[in-house]
>>> print(open('my_file-v8.cif').read())   # mmCIF, C-alpha atoms
data_structure
#
loop_
_atom_site.group_PDB
_atom_site.id
_atom_site.type_symbol
_atom_site.label_atom_id
_atom_site.label_comp_id
_atom_site.auth_asym_id
_atom_site.auth_seq_id
_atom_site.Cartn_x
_atom_site.Cartn_y
_atom_site.Cartn_z
ATOM 1 C CA MET A 14 -1.172 -4.655 -10.296
ATOM 2 C CA GLU A 15 -1.663 -8.240 -11.373
ATOM 3 C CA GLU A 16 -0.542 -9.673 -8.024
ATOM 4 C CA GLU A 17 -4.071 -10.380 -6.778
ATOM 5 C CA SER A 18 -5.065 -12.250 -9.924
ATOM 6 C CA THR A 19 -2.110 -14.597 -9.590
ATOM 7 C CA LEU A 20 -3.172 -15.505 -6.065
ATOM 8 C CA LEU A 21 -5.857 -18.142 -6.415
ATOM 9 C CA LEU A 22 -8.160 -18.255 -3.447
ATOM 10 C CA GLU A 23 -10.211 -21.328 -2.737
ATOM 11 C CA GLU A 24 -12.651 -19.554 -0.452
ATOM 12 C CA GLU A 25 -13.757 -16.030 0.327
ATOM 13 C CA ARG A 26 -11.724 -14.018 2.779
ATOM 14 C CA THR A 27 -13.253 -13.777 6.224
ATOM 15 C CA SER A 28 -14.122 -10.421 7.741
ATOM 16 C CA GLU A 29 -11.184 -10.938 10.113
ATOM 17 C CA GLN A 30 -8.792 -11.470 7.194
ATOM 18 C CA ILE A 31 -10.115 -8.368 5.452
ATOM 19 C CA ALA A 32 -9.647 -6.355 8.650
ATOM 20 C CA GLU A 33 -6.048 -7.625 8.915
ATOM 21 C CA ILE A 34 -5.314 -6.622 5.310
ATOM 22 C CA TYR A 35 -6.779 -3.170 5.917
ATOM 23 C CA SER A 36 -4.855 -2.764 9.159
ATOM 24 C CA ALA A 37 -1.590 -3.848 7.529
ATOM 25 C CA ALA A 38 -2.119 -1.209 4.842
ATOM 26 C CA GLY A 39 -1.626 1.324 7.610
ATOM 27 C CA TYR A 40 2.064 0.412 7.723
ATOM 28 C CA SER A 41 2.468 1.424 4.085
ATOM 29 C CA VAL A 42 0.505 4.626 4.668
ATOM 30 C CA THR A 43 2.713 5.505 7.640
ATOM 31 C CA LEU A 44 5.903 4.725 5.748
ATOM 32 C CA ILE A 45 4.907 6.843 2.750
ATOM 33 C CA ASN A 46 3.755 9.744 4.916
ATOM 34 C CA ALA A 47 6.759 9.701 7.259
ATOM 35 C CA ASP A 48 8.969 12.016 5.221
ATOM 36 C CA VAL A 49 8.520 14.889 2.801
ATOM 37 C CA ASP A 50 11.546 13.875 0.744
ATOM 38 C CA TYR A 51 14.690 11.736 0.662
ATOM 39 C CA SER A 52 16.683 14.213 2.746
ATOM 40 C CA ALA A 53 14.097 14.123 5.526
ATOM 41 C CA TYR A 54 14.165 10.309 5.394
ATOM 42 C CA THR A 55 17.944 10.107 5.799
ATOM 43 C CA THR A 56 17.895 12.682 8.597
ATOM 44 C CA ARG A 57 15.116 10.880 10.491
ATOM 45 C CA THR A 58 16.433 7.347 10.058
ATOM 46 C CA GLU A 59 20.171 7.945 9.653
ATOM 47 C CA SER A 60 19.861 5.402 6.851
ATOM 48 C CA SER A 61 22.578 4.828 4.312
ATOM 49 C CA ASP A 62 20.004 3.882 1.658
ATOM 50 C CA SER A 63 20.565 5.621 -1.640
ATOM 51 C CA GLU A 64 17.836 7.844 -3.022
ATOM 52 C CA GLU A 65 17.096 5.144 -5.607
ATOM 53 C CA GLU A 66 16.645 2.556 -2.815
ATOM 54 C CA TRP A 67 14.369 4.938 -0.913
ATOM 55 C CA LYS A 68 12.283 5.576 -4.037
ATOM 56 C CA ALA A 69 12.057 1.816 -4.639
ATOM 57 C CA MET A 70 10.750 1.358 -1.080
ATOM 58 C CA ILE A 71 8.178 4.110 -1.580
ATOM 59 C CA LYS A 72 7.146 2.568 -4.924
ATOM 60 C CA ARG A 73 6.720 -0.924 -3.409
ATOM 61 C CA ASN A 74 4.485 0.458 -0.695
ATOM 62 C CA THR A 75 2.509 2.642 -3.108
ATOM 63 C CA ASP A 76 2.019 -0.339 -5.431
ATOM 64 C CA HIS A 77 0.959 -2.481 -2.460
ATOM 65 C CA LEU A 78 -1.759 -0.006 -1.532
ATOM 66 C CA GLU A 79 -3.042 0.097 -5.102
ATOM 67 C CA ILE A 80 -3.085 -3.702 -5.255
ATOM 68 C CA ILE A 81 -5.052 -4.207 -2.054
ATOM 69 C CA LYS A 82 -7.587 -1.566 -3.102
ATOM 70 C CA GLY A 83 -8.336 -3.801 -6.067
ATOM 71 C CA TYR A 84 -8.870 -7.031 -4.135
ATOM 72 C CA LYS A 85 -11.963 -8.871 -5.351
ATOM 73 C CA LYS A 86 -14.160 -11.654 -4.086
ATOM 74 C CA LEU A 87 -14.058 -15.026 -5.819
ATOM 75 C CA ASP A 88 -16.530 -13.819 -8.443
ATOM 76 C CA GLY A 89 -13.723 -11.599 -9.755
ATOM 77 C CA THR A 90 -15.847 -8.465 -9.904
ATOM 78 C CA THR A 91 -17.115 -7.671 -6.409
ATOM 79 C CA SER A 92 -14.716 -5.776 -4.150
ATOM 80 C CA ILE A 93 -13.869 -7.337 -0.786
ATOM 81 C CA TRP A 94 -14.158 -3.903 0.767
ATOM 82 C CA GLY A 95 -17.258 -2.736 2.552
ATOM 83 C CA SER A 96 -17.418 0.424 4.605
ATOM 84 C CA GLU A 97 -13.663 0.904 5.043
ATOM 85 C CA SER A 98 -12.446 4.440 4.442
ATOM 86 C CA PHE A 99 -9.733 4.771 1.824
ATOM 87 C CA THR A 100 -9.132 8.493 2.369
ATOM 88 C CA ASP A 101 -5.712 7.998 4.018
ATOM 89 C CA ILE A 102 -4.760 5.220 1.607
ATOM 90 C CA ASP A 103 -5.704 7.319 -1.432
ATOM 91 C CA ALA A 104 -3.720 10.273 -0.055
ATOM 92 C CA ALA A 105 -0.694 8.029 0.568
ATOM 93 C CA ILE A 106 -0.898 6.635 -2.976
ATOM 94 C CA GLU A 107 -0.968 10.153 -4.383
ATOM 95 C CA LYS A 108 1.942 11.256 -2.179
ATOM 96 C CA GLY A 109 3.935 8.118 -2.952
ATOM 97 C CA LYS A 110 3.566 8.712 -6.672
ATOM 98 C CA SER A 111 4.706 12.311 -6.281
ATOM 99 C CA LEU A 112 7.745 11.236 -4.232
ATOM 100 C CA ILE A 113 8.973 8.837 -6.884
ATOM 101 C CA SER A 114 8.276 11.026 -9.912
#
>>> encode(input="my_file-v8.cif", output="structure tokens")
Amino acid sequence: MEEESTLLLEEERTSEQIAEIYSAAGYSVTLINADVDYSAYTTRTESSDSEEEWKAMIKRNTDHLEIIKGYKKLDGTTSIWGSESFTDIDAAIEKGKSLIS
């Protein structure tokens, strides 16, 4: 989860940018929550992805959610997040981890 620290920001994110990041997280939440297992995924999407590829996709999205939860302001300690609810994101992280275990 070092991705954020390697991204050097020159100025604080605007409230609009923070809202966009939060909104984009919804895609990962939806993707993780779409299927109960690999079989359901292949049935729904008719994908030819292997189970390993599916798990890698779930892992990338789970990792992404964990990374954005940790985003900090330029001071390196204060979270960028204000009153946003992370209930759905936290649930998706938990589910994603269970899907790839």
>>> resolve_selection(input="my_file-v8.cif", expression="the PyMOL selection byres ((chain A and resi 111) around 12)", output="NGL selection string")
:A and (45-46 or 49-50 or 68 or 71-72 or 75 or 104-110 or 112-114)
>>> residues_around(input="my_file-v8.cif", residues="Leu87 (chain A)", least_positions_apart="5", cutoff="9 Å", atoms="all atoms listed in the file", output="PyMOL selection string")
chain A and resi 21-26
>>> resolve_selection(input="my_file-v8.cif", expression="the PyMOL selection byres ((chain A and resi 34-40) around 9)", output="list in words")
Glu29, Gln30, Ile31, Ala32, Glu33, Ser41, Val42, Thr43, Leu44, Ile45, Asn74, His77, Leu78, Ile81, Glu97, Asp101 and Ile102 of chain A
>>> atom_distance(input="my_file-v8.cif", atom1="CA of Glu65 (chain A)", atom2="CA of Asp103 (chain A)")
23.3 Å
>>> atom_distance(input="my_file-v8.cif", atom1="CA of Gly83 (chain A)", atom2="CA of Ser96 (chain A)")
14.6 Å
>>> atom_distance(input="my_file-v8.cif", atom1="CA of Arg57 (chain A)", atom2="CA of Thr100 (chain A)")
25.7 Å
>>> closest_residue(input="my_file-v8.cif", among="A:Lys82, A:Thr56, A:Glu66, A:Arg73", to="Gly95 (chain A)", atoms="only C-alpha atoms")
A:Lys82
>>> closest_residue(input="my_file-v8.cif", among="A:Lys85, A:Ser52, A:Ser92, A:Thr27", to="Glu64 (chain A)", atoms="only C-alpha atoms")
A:Ser52
>>> decode(input="my_file-v8.cif", residues="region 51-67 of chain A", atoms="N, CA and C atoms", output="mmCIF file, in the first residue's frame")
data_model
loop_
_atom_site.group_PDB
_atom_site.id
_atom_site.type_symbol
_atom_site.label_atom_id
_atom_site.label_comp_id
_atom_site.auth_asym_id
_atom_site.auth_seq_id
_atom_site.Cartn_x
_atom_site.Cartn_y
_atom_site.Cartn_z
ATOM 1 N N TYR A 51 -16.064 -17.419 -8.268
ATOM 2 C CA TYR A 51 -15.574 -17.458 -9.644
ATOM 3 C C TYR A 51 -16.615 -18.021 -10.600
ATOM 4 N N SER A 52 -17.310 -19.057 -10.181
ATOM 5 C CA SER A 52 -18.332 -19.675 -11.031
ATOM 6 C C SER A 52 -19.434 -18.679 -11.374
ATOM 7 N N ALA A 53 -19.871 -17.920 -10.397
ATOM 8 C CA ALA A 53 -20.903 -16.906 -10.646
ATOM 9 C C ALA A 53 -20.386 -15.844 -11.609
ATOM 10 N N TYR A 54 -19.107 -15.479 -11.471
ATOM 11 C CA TYR A 54 -18.493 -14.500 -12.370
ATOM 12 C C TYR A 54 -18.510 -14.998 -13.815
ATOM 13 N N THR A 55 -18.068 -16.242 -14.031
ATOM 14 C CA THR A 55 -18.016 -16.750 -15.403
ATOM 15 C C THR A 55 -19.412 -16.924 -15.985
ATOM 16 N N THR A 56 -20.371 -17.284 -15.170
ATOM 17 C CA THR A 56 -21.752 -17.414 -15.641
ATOM 18 C C THR A 56 -22.315 -16.046 -16.025
ATOM 19 N N ARG A 57 -22.097 -15.047 -15.182
ATOM 20 C CA ARG A 57 -22.637 -13.708 -15.438
ATOM 21 C C ARG A 57 -21.981 -13.047 -16.640
ATOM 22 N N THR A 58 -20.678 -13.180 -16.753
ATOM 23 C CA THR A 58 -19.941 -12.428 -17.782
ATOM 24 C C THR A 58 -19.611 -13.242 -19.023
ATOM 25 N N GLU A 59 -19.747 -14.557 -18.926
ATOM 26 C CA GLU A 59 -19.320 -15.459 -19.999
ATOM 27 C C GLU A 59 -17.848 -15.242 -20.330
ATOM 28 N N SER A 60 -17.084 -14.858 -19.329
ATOM 29 C CA SER A 60 -15.663 -14.577 -19.486
ATOM 30 C C SER A 60 -14.867 -15.865 -19.601
ATOM 31 N N SER A 61 -13.774 -15.777 -20.314
ATOM 32 C CA SER A 61 -12.857 -16.913 -20.396
ATOM 33 C C SER A 61 -11.665 -16.728 -19.460
ATOM 34 N N ASP A 62 -11.744 -15.722 -18.576
ATOM 35 C CA ASP A 62 -10.679 -15.512 -17.593
ATOM 36 C C ASP A 62 -10.533 -16.760 -16.726
ATOM 37 N N SER A 63 -9.296 -17.086 -16.426
ATOM 38 C CA SER A 63 -9.057 -18.192 -15.494
ATOM 39 C C SER A 63 -9.412 -17.725 -14.079
ATOM 40 N N GLU A 64 -9.516 -18.681 -13.177
ATOM 41 C CA GLU A 64 -9.804 -18.312 -11.788
ATOM 42 C C GLU A 64 -8.671 -17.456 -11.223
ATOM 43 N N GLU A 65 -7.438 -17.754 -11.618
ATOM 44 C CA GLU A 65 -6.298 -16.963 -11.149
ATOM 45 C C GLU A 65 -6.401 -15.520 -11.657
ATOM 46 N N GLU A 66 -6.825 -15.336 -12.901
ATOM 47 C CA GLU A 66 -6.996 -13.980 -13.454
ATOM 48 C C GLU A 66 -8.112 -13.242 -12.726
ATOM 49 N N TRP A 67 -9.201 -13.955 -12.439
ATOM 50 C CA TRP A 67 -10.315 -13.348 -11.706
ATOM 51 C C TRP A 67 -9.861 -12.925 -10.309
#
